[in-house]
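The next block is coords-v7.txt, given as compact mmCIF, C-alpha atoms.
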```
# COMPACT_ATOMS: atom_id res chain seq x y z
CA ALA A 1 26.80 11.73 2.19
CA HIS A 2 24.48 8.86 2.94
CA PRO A 3 22.51 9.52 6.15
CA CYS A 4 23.18 5.96 7.36
CA PRO A 5 26.46 4.83 5.79
CA HIS A 6 26.55 1.66 7.89
CA ARG A 7 23.56 0.42 5.88
CA LEU A 8 25.35 0.61 2.53
CA LYS A 9 26.29 -2.63 0.84
CA ASN A 10 29.23 -2.33 -1.50
CA CYS A 11 29.70 -4.65 -4.44
CA LEU A 12 32.05 -3.14 -6.99
CA SER A 13 34.55 -4.13 -9.62
CA LEU A 14 37.25 -1.47 -9.66
CA GLU A 15 40.59 -0.82 -11.35
CA ALA A 16 43.01 -3.58 -12.30
CA LYS A 17 46.53 -4.12 -13.57
CA ASN A 18 46.21 -7.74 -14.66
CA VAL A 19 49.58 -9.29 -15.39
CA ALA A 20 50.36 -12.05 -17.90
CA ILE A 21 53.34 -14.13 -16.78
CA VAL A 22 55.06 -15.99 -19.61
CA CYS A 23 57.41 -18.72 -18.42
CA LYS A 24 60.33 -20.03 -20.45
CA ASP A 25 58.55 -23.33 -21.13
CA ALA A 26 55.37 -21.67 -22.43
CA ASP A 27 53.81 -22.33 -25.82
CA ILE A 28 54.83 -18.96 -27.25
CA ASP A 29 52.36 -18.97 -30.12
CA ASN A 30 49.49 -19.56 -27.69
CA ALA A 31 50.84 -16.97 -25.25
CA VAL A 32 51.08 -14.37 -28.01
CA ALA A 33 47.56 -15.06 -29.29
CA GLU A 34 46.01 -14.97 -25.81
CA CYS A 35 47.96 -11.90 -24.67
CA ALA A 36 47.05 -9.96 -27.83
CA LEU A 37 43.40 -10.84 -27.37
CA GLY A 38 43.52 -10.15 -23.65
CA ALA A 39 45.33 -6.84 -24.01
CA LEU A 40 43.55 -5.38 -27.03
CA SER A 41 39.99 -6.66 -27.31
CA TYR A 42 37.71 -3.66 -26.76
CA ASN A 43 40.87 -1.54 -27.20
CA GLY A 44 42.08 -2.82 -23.84
CA GLN A 45 39.29 -0.80 -22.23
CA ARG A 46 37.88 -3.43 -19.90
CA CYS A 47 38.85 -4.02 -16.29
CA THR A 48 39.69 -7.65 -17.10
CA ALA A 49 42.15 -6.76 -19.88
CA ILE A 50 45.78 -7.83 -19.64
CA LYS A 51 47.57 -4.58 -18.81
CA GLN A 52 51.08 -5.84 -18.10
CA MET A 53 53.14 -8.67 -19.55
CA MET A 54 56.18 -10.19 -17.86
CA VAL A 55 58.15 -12.58 -20.08
CA HIS A 56 61.07 -14.83 -19.15
CA LYS A 57 64.35 -13.57 -20.60
CA ASP A 58 65.00 -16.81 -22.50
CA VAL A 59 61.90 -16.36 -24.66
CA ALA A 60 61.48 -12.58 -24.54
CA ASP A 61 62.89 -11.86 -28.01
CA GLU A 62 60.72 -14.51 -29.66
CA PHE A 63 57.64 -13.35 -27.77
CA VAL A 64 58.13 -9.68 -28.63
CA GLN A 65 58.82 -10.45 -32.29
CA LYS A 66 55.65 -12.55 -32.64
CA PHE A 67 53.55 -10.23 -30.48
CA THR A 68 54.62 -7.25 -32.60
CA ALA A 69 53.64 -9.11 -35.78
CA LYS A 70 50.27 -10.01 -34.27
CA VAL A 71 49.56 -6.42 -33.24
CA GLY A 72 50.68 -5.18 -36.65
CA SER A 73 48.11 -7.41 -38.33
CA LEU A 74 45.20 -5.73 -36.54
CA LYS A 75 42.94 -3.40 -38.49
CA LEU A 76 41.91 0.03 -37.26
CA GLY A 77 38.38 1.00 -38.27
CA LEU A 78 34.86 1.80 -37.20
CA PRO A 79 32.81 -0.71 -35.20
CA TRP A 80 30.41 -1.46 -38.07
CA GLU A 81 33.15 -2.09 -40.63
CA ALA A 82 33.93 -5.73 -41.40
CA GLY A 83 37.23 -7.01 -40.07
CA THR A 84 37.78 -4.15 -37.64
CA ASP A 85 39.91 -5.00 -34.60
CA ILE A 86 40.74 -1.57 -33.14
CA THR A 87 38.20 1.26 -32.93
CA PRO A 88 38.35 4.92 -31.86
CA LEU A 89 38.51 5.49 -28.12
CA PRO A 90 35.48 6.97 -26.32
CA GLU A 91 37.56 9.44 -24.28
CA PRO A 92 38.98 12.58 -25.95
CA SER A 93 41.67 12.81 -23.24
CA LYS A 94 42.85 9.20 -23.50
CA PRO A 95 45.28 9.61 -26.47
CA GLN A 96 47.19 12.34 -24.61
CA TYR A 97 47.42 10.19 -21.47
CA LEU A 98 48.72 7.23 -23.46
CA ALA A 99 51.25 9.51 -25.15
CA GLU A 100 52.48 10.62 -21.71
CA LEU A 101 52.95 7.01 -20.64
CA ARG A 102 54.84 6.21 -23.84
CA ALA A 103 57.08 9.26 -23.43
CA ASP A 104 57.84 8.39 -19.81
CA ALA A 105 58.74 4.80 -20.71
CA GLU A 106 60.89 5.89 -23.65
CA ALA A 107 62.74 8.47 -21.54
CA LYS A 108 63.58 5.73 -19.04
CA GLY A 109 64.95 3.28 -21.58
CA ALA A 110 62.05 1.43 -23.17
CA LYS A 111 61.61 1.14 -26.91
CA ILE A 112 58.20 2.14 -28.27
CA ILE A 113 57.04 -0.15 -31.06
CA SER A 114 54.02 0.88 -33.13
CA PRO A 115 53.73 -1.69 -35.92
CA GLY A 116 50.51 -0.27 -37.35
CA ALA A 117 51.08 3.44 -36.77
CA ASP A 118 50.54 4.16 -40.45
CA GLN A 119 46.85 3.40 -39.85
CA ASP A 120 46.58 6.07 -37.13
CA TRP A 121 43.80 8.57 -37.86
CA GLY A 122 44.60 10.90 -35.00
CA TYR A 123 42.18 12.37 -32.45
CA THR A 124 40.67 9.39 -30.59
CA ALA A 125 41.74 6.67 -33.03
CA VAL A 126 44.98 5.31 -31.58
CA PHE A 127 46.72 2.23 -32.96
CA PRO A 128 48.27 0.00 -30.25
CA SER A 129 51.85 0.58 -29.16
CA ILE A 130 54.22 -1.80 -27.39
CA ALA A 131 56.63 -0.56 -24.71
CA TYR A 132 59.61 -2.90 -24.27
CA PRO A 133 61.33 -3.58 -21.98
CA VAL A 134 59.55 -1.75 -19.18
CA THR A 135 60.75 -1.50 -15.59
CA LYS A 136 59.12 -0.73 -12.27
CA ASP A 137 60.18 2.92 -12.31
CA MET A 138 58.07 3.56 -15.43
CA ARG A 139 54.53 4.84 -14.99
CA VAL A 140 53.12 2.35 -17.47
CA MET A 141 54.14 -0.55 -15.23
CA GLN A 142 52.37 0.95 -12.22
CA GLU A 143 49.31 2.76 -13.61
CA GLU A 144 46.26 1.23 -15.25
CA GLN A 145 46.55 2.54 -18.81
CA PHE A 146 43.05 1.33 -19.82
CA GLY A 147 43.80 1.61 -23.50
CA PRO A 148 45.83 0.22 -26.41
CA LEU A 149 49.32 0.37 -24.89
CA CYS A 150 51.06 -2.94 -24.20
CA PRO A 151 53.95 -2.88 -21.71
CA ILE A 152 56.27 -5.90 -21.69
CA ALA A 153 58.80 -6.52 -18.91
CA VAL A 154 61.50 -9.19 -18.75
CA TRP A 155 62.22 -11.45 -15.78
CA SER A 156 64.89 -14.02 -15.02
CA ASP A 157 64.01 -15.01 -11.44
CA ILE A 158 60.44 -15.78 -10.45
CA ALA A 159 61.04 -13.69 -7.33
CA GLU A 160 60.88 -10.60 -9.59
CA VAL A 161 57.37 -11.55 -10.68
CA GLU A 162 56.31 -12.35 -7.13
CA GLU A 163 57.53 -8.99 -5.86
CA TYR A 164 55.63 -7.13 -8.58
CA VAL A 165 52.42 -8.98 -7.79
CA MET A 166 52.75 -8.59 -4.02
CA THR A 167 53.59 -4.88 -4.09
CA SER A 168 50.90 -3.92 -6.60
CA ILE A 169 47.89 -2.07 -5.23
CA TYR A 170 45.74 -4.09 -7.65
CA GLY A 171 44.59 -7.68 -7.42
CA GLN A 172 41.90 -8.63 -9.89
CA GLN A 173 43.37 -11.33 -12.16
CA ALA A 174 46.55 -12.82 -13.57
CA ALA A 175 47.39 -15.14 -16.46
CA VAL A 176 50.16 -17.74 -16.33
CA PHE A 177 51.58 -19.34 -19.48
CA THR A 178 53.56 -22.54 -18.89
CA SER A 179 53.76 -26.17 -19.95
CA GLY A 180 54.38 -27.22 -16.35
CA SER A 181 57.92 -28.49 -16.77
CA ASP A 182 58.85 -26.94 -13.40
CA MET A 183 56.01 -27.96 -11.10
CA ASP A 184 57.70 -26.55 -8.01
CA MET A 185 57.85 -23.09 -9.55
CA VAL A 186 54.35 -23.23 -11.02
CA GLY A 187 52.81 -24.54 -7.81
CA SER A 188 54.49 -21.86 -5.71
CA LEU A 189 53.47 -19.14 -8.17
CA LEU A 190 49.82 -20.26 -8.23
CA ASP A 191 49.75 -20.32 -4.43
CA LEU A 192 51.04 -16.75 -4.29
CA LEU A 193 48.64 -15.55 -6.98
CA ALA A 194 45.67 -17.18 -5.24
CA HIS A 195 46.35 -14.90 -2.27
CA SER A 196 46.97 -11.83 -4.44
CA VAL A 197 44.27 -11.86 -7.13
CA GLY A 198 40.69 -13.05 -7.48
CA ARG A 199 41.25 -15.29 -10.51
CA VAL A 200 44.24 -17.02 -12.11
CA ASN A 201 43.94 -17.96 -15.79
CA LEU A 202 46.19 -20.82 -16.88
CA ASN A 203 47.38 -20.61 -20.50
CA CYS A 204 44.55 -18.27 -21.44
CA GLN A 205 43.73 -14.57 -21.28
CA CYS A 206 42.20 -12.73 -18.34
CA GLN A 207 38.43 -12.51 -18.69
CA ARG A 208 35.17 -12.41 -16.78
CA SER A 209 32.98 -15.17 -18.16
CA PRO A 210 31.19 -17.42 -17.51
CA ASP A 211 28.90 -15.70 -15.04
CA THR A 212 28.68 -18.86 -12.97
CA PHE A 213 32.27 -18.12 -11.86
CA PRO A 214 32.79 -15.66 -9.00
CA PHE A 215 33.94 -12.28 -10.33
CA THR A 216 35.92 -10.49 -7.67
CA GLY A 217 39.32 -9.10 -6.78
CA ARG A 218 41.67 -8.30 -3.95
CA LYS A 219 43.31 -5.12 -2.71
CA SER A 220 41.98 -2.06 -4.59
CA SER A 221 40.43 -4.05 -7.45
CA ALA A 222 37.06 -4.99 -5.98
CA LEU A 223 34.60 -4.81 -3.12
CA GLY A 224 32.53 -7.95 -2.80
CA THR A 225 31.86 -10.51 -5.49
CA LEU A 226 30.02 -9.89 -8.75
CA SER A 227 28.30 -12.76 -10.52
CA VAL A 228 24.67 -13.78 -10.64
CA THR A 229 24.41 -15.73 -7.38
CA GLU A 230 26.90 -13.75 -5.31
CA ALA A 231 25.53 -10.35 -6.35
CA LEU A 232 21.99 -11.39 -5.39
CA ILE A 233 23.23 -12.55 -1.99
CA VAL A 234 25.07 -9.26 -1.37
CA MET A 235 21.95 -7.25 -2.15
CA SER A 236 19.61 -9.50 -0.19
CA MET A 237 18.78 -9.80 3.48
CA GLU A 238 18.08 -13.22 4.91
CA SER A 239 14.97 -13.47 7.10
CA LEU A 240 13.10 -16.37 8.68
CA VAL A 241 10.12 -17.25 10.80
CA ALA A 242 11.12 -19.33 13.85
CA THR A 243 8.89 -21.29 16.21
CA LYS A 244 8.77 -24.38 18.39
CA SER A 245 7.83 -27.81 17.05
CA LYS A 246 4.41 -27.72 18.72
CA ASN A 247 3.47 -24.91 16.28
CA ALA A 248 4.34 -26.89 13.16
CA SER A 249 0.70 -27.32 12.18
CA LEU A 250 0.14 -23.57 12.35
CA VAL A 251 3.11 -22.86 10.11
CA GLU A 252 1.98 -25.57 7.70
CA ALA A 253 -1.54 -24.12 7.58
CA LEU A 254 -0.18 -20.63 6.90
CA ALA A 255 2.00 -21.90 4.07
CA GLN A 256 -0.83 -23.85 2.47
CA SER A 257 -3.27 -20.94 2.77
CA LYS A 258 -0.93 -18.71 0.78
CA LYS A 259 -2.16 -15.77 2.88
CA CYS A 260 1.43 -15.07 3.81
CA LYS A 261 3.63 -14.30 0.82
CA PHE A 262 6.80 -14.83 2.81
CA LEU A 263 6.11 -18.41 3.90
CA SER A 264 6.30 -21.21 1.37
CA ARG A 265 6.60 -24.96 1.57
CA LEU A 266 10.02 -26.44 0.85
```

Target format structure tokens, applied to this file:
Amino acid sequence: AHPCPHRLKNCLSLEAKNVAIVCKDADIDNAVAECALGALSYNGQRCTAIKQMMVHKDVADEFVQKFTAKVGSLKLGLPWEAGTDITPLPEPSKPQYLAELRADAEAKGAKIISPGADQDWGYTAVFPSIAYPVTKDMRVMQEEQFGPLCPIAVWSDIAEVEEYVMTSIYGQQAAVFTSGSDMDMVGSLLDLLAHSVGRVNLNCQCQRSPDTFPFTGRKSSALGTLSVTEALIVMSMESLVATKSKNASLVEALAQSKKCKFLSRL
């Protein structure tokens, strides 16, 4: 243990269960492209990955059909091979964990779709699977899978989405896909998300960049804010030299002499 724990400054990005919310008025082709990229770039092994999708019932079939085709078009290979989209996982235990999540979801009523399973090499090379439709009692909807497993849930009332977001222990990011035809719903949803996650992405995937944006999270997803300016502030201690106005000439002389490294002219 640290001898003086009160002196520690924490600035961490932690686990996340970033949800993509697809509304019935969304551009489905864009939602599919962004969700596939957000869920599976780097094999889904980044804290900012989309790890849960919730799609409105009116467009769920179309979304799943197109998402499945998109996933099926990905190529499994080695990082240095041209055209590779999915690479072997770095953790020997990860395939077994993902298999457990798939089995749990399937036992509770979800269908497991593996459109590119014929490419599977085994061991740590795992082609993405889709679990659909998932429900809150399934592990994959509650745990951060951190790998190529894409759970898709269906919603009919926005209150279902709001409850999932509010009861989650995570709060890093969310993505909302909508054309804005229902401004009341979208406005209310964005207000809720702004108090539940650190970043809301509108019609695009969850991501970190650019570094000029604050990178943070709520609940168990972060401590402090990571980005260039904010991280420097967290790890810095502000100090100053104070005096009365009658000593201004002394301070000016010290600054000009450059004998004091701390003082400088503004």

### Query
Quick one: residues within 12 Å of A:Ala175, all atoms listed in the file counted, chain neighbours fewer than 6 positions away excluded, as a ChimeraX atom specification?
/A:17-23,26,31,34-35,38-39,48-55,165,186,189-190,193-194,197-207

Skipping near chain neighbours, those fewer than 3 positions away, what residues fall within 12 Å of A:Lys70 using all atoms listed in the file, listed as a CSV table (one decimal) with C-alpha atoms, keeping the file's coordinate frame?
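Saved the output as result_36.csv:
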```
chain,number,residue,atom,x,y,z
A,29,ASP,CA,52.4,-19.0,-30.1
A,30,ASN,CA,49.5,-19.6,-27.7
A,31,ALA,CA,50.8,-17.0,-25.2
A,32,VAL,CA,51.1,-14.4,-28.0
A,33,ALA,CA,47.6,-15.1,-29.3
A,34,GLU,CA,46.0,-15.0,-25.8
A,35,CYS,CA,48.0,-11.9,-24.7
A,36,ALA,CA,47.0,-10.0,-27.8
A,37,LEU,CA,43.4,-10.8,-27.4
A,39,ALA,CA,45.3,-6.8,-24.0
A,40,LEU,CA,43.6,-5.4,-27.0
A,63,PHE,CA,57.6,-13.4,-27.8
A,64,VAL,CA,58.1,-9.7,-28.6
A,65,GLN,CA,58.8,-10.4,-32.3
A,66,LYS,CA,55.6,-12.6,-32.6
A,67,PHE,CA,53.6,-10.2,-30.5
A,73,SER,CA,48.1,-7.4,-38.3
A,74,LEU,CA,45.2,-5.7,-36.5
A,75,LYS,CA,42.9,-3.4,-38.5
A,85,ASP,CA,39.9,-5.0,-34.6
A,114,SER,CA,54.0,0.9,-33.1
A,115,PRO,CA,53.7,-1.7,-35.9
A,116,GLY,CA,50.5,-0.3,-37.4
A,128,PRO,CA,48.3,0.0,-30.2
A,129,SER,CA,51.8,0.6,-29.2
A,130,ILE,CA,54.2,-1.8,-27.4
```

## Note on the structure
Computed gap from atom CA of A:Asp27 to atom CA of A:Ser179 is 7.0 Å

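Comparing A:Val140, A:Met166, A:Ala159, A:Val234 by their smallest distance to A:Glu100, the closest is A:Val140 (using all atoms listed in the file).
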
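Candidate residues A:Lys24, A:Glu106, A:Ala255, A:Gln45 were compared for distance to A:Met185, and the nearest is A:Lys24, using only C-alpha atoms.
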
Which residues are near A:Ala231? Cut-off 10 Å, all atoms listed in the file, ignore same chain within fewer than 3 positions. Put them as a PDB file with C-alpha atoms, in the coordinates of the input.
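around_34.pdb, freshly written:
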```pdb
ATOM      1  CA  CYS A  11      29.700  -4.650  -4.440  1.00  0.00           C
ATOM      2  CA  LEU A  12      32.050  -3.140  -6.990  1.00  0.00           C
ATOM      3  CA  PRO A 214      32.790 -15.660  -9.000  1.00  0.00           C
ATOM      4  CA  PHE A 215      33.940 -12.280 -10.330  1.00  0.00           C
ATOM      5  CA  GLY A 224      32.530  -7.950  -2.800  1.00  0.00           C
ATOM      6  CA  THR A 225      31.860 -10.510  -5.490  1.00  0.00           C
ATOM      7  CA  LEU A 226      30.020  -9.890  -8.750  1.00  0.00           C
ATOM      8  CA  SER A 227      28.300 -12.760 -10.520  1.00  0.00           C
ATOM      9  CA  VAL A 228      24.670 -13.780 -10.640  1.00  0.00           C
ATOM     10  CA  VAL A 234      25.070  -9.260  -1.370  1.00  0.00           C
ATOM     11  CA  MET A 235      21.950  -7.250  -2.150  1.00  0.00           C
ATOM     12  CA  SER A 236      19.610  -9.500  -0.190  1.00  0.00           C
TER      13      SER A 236
END
```
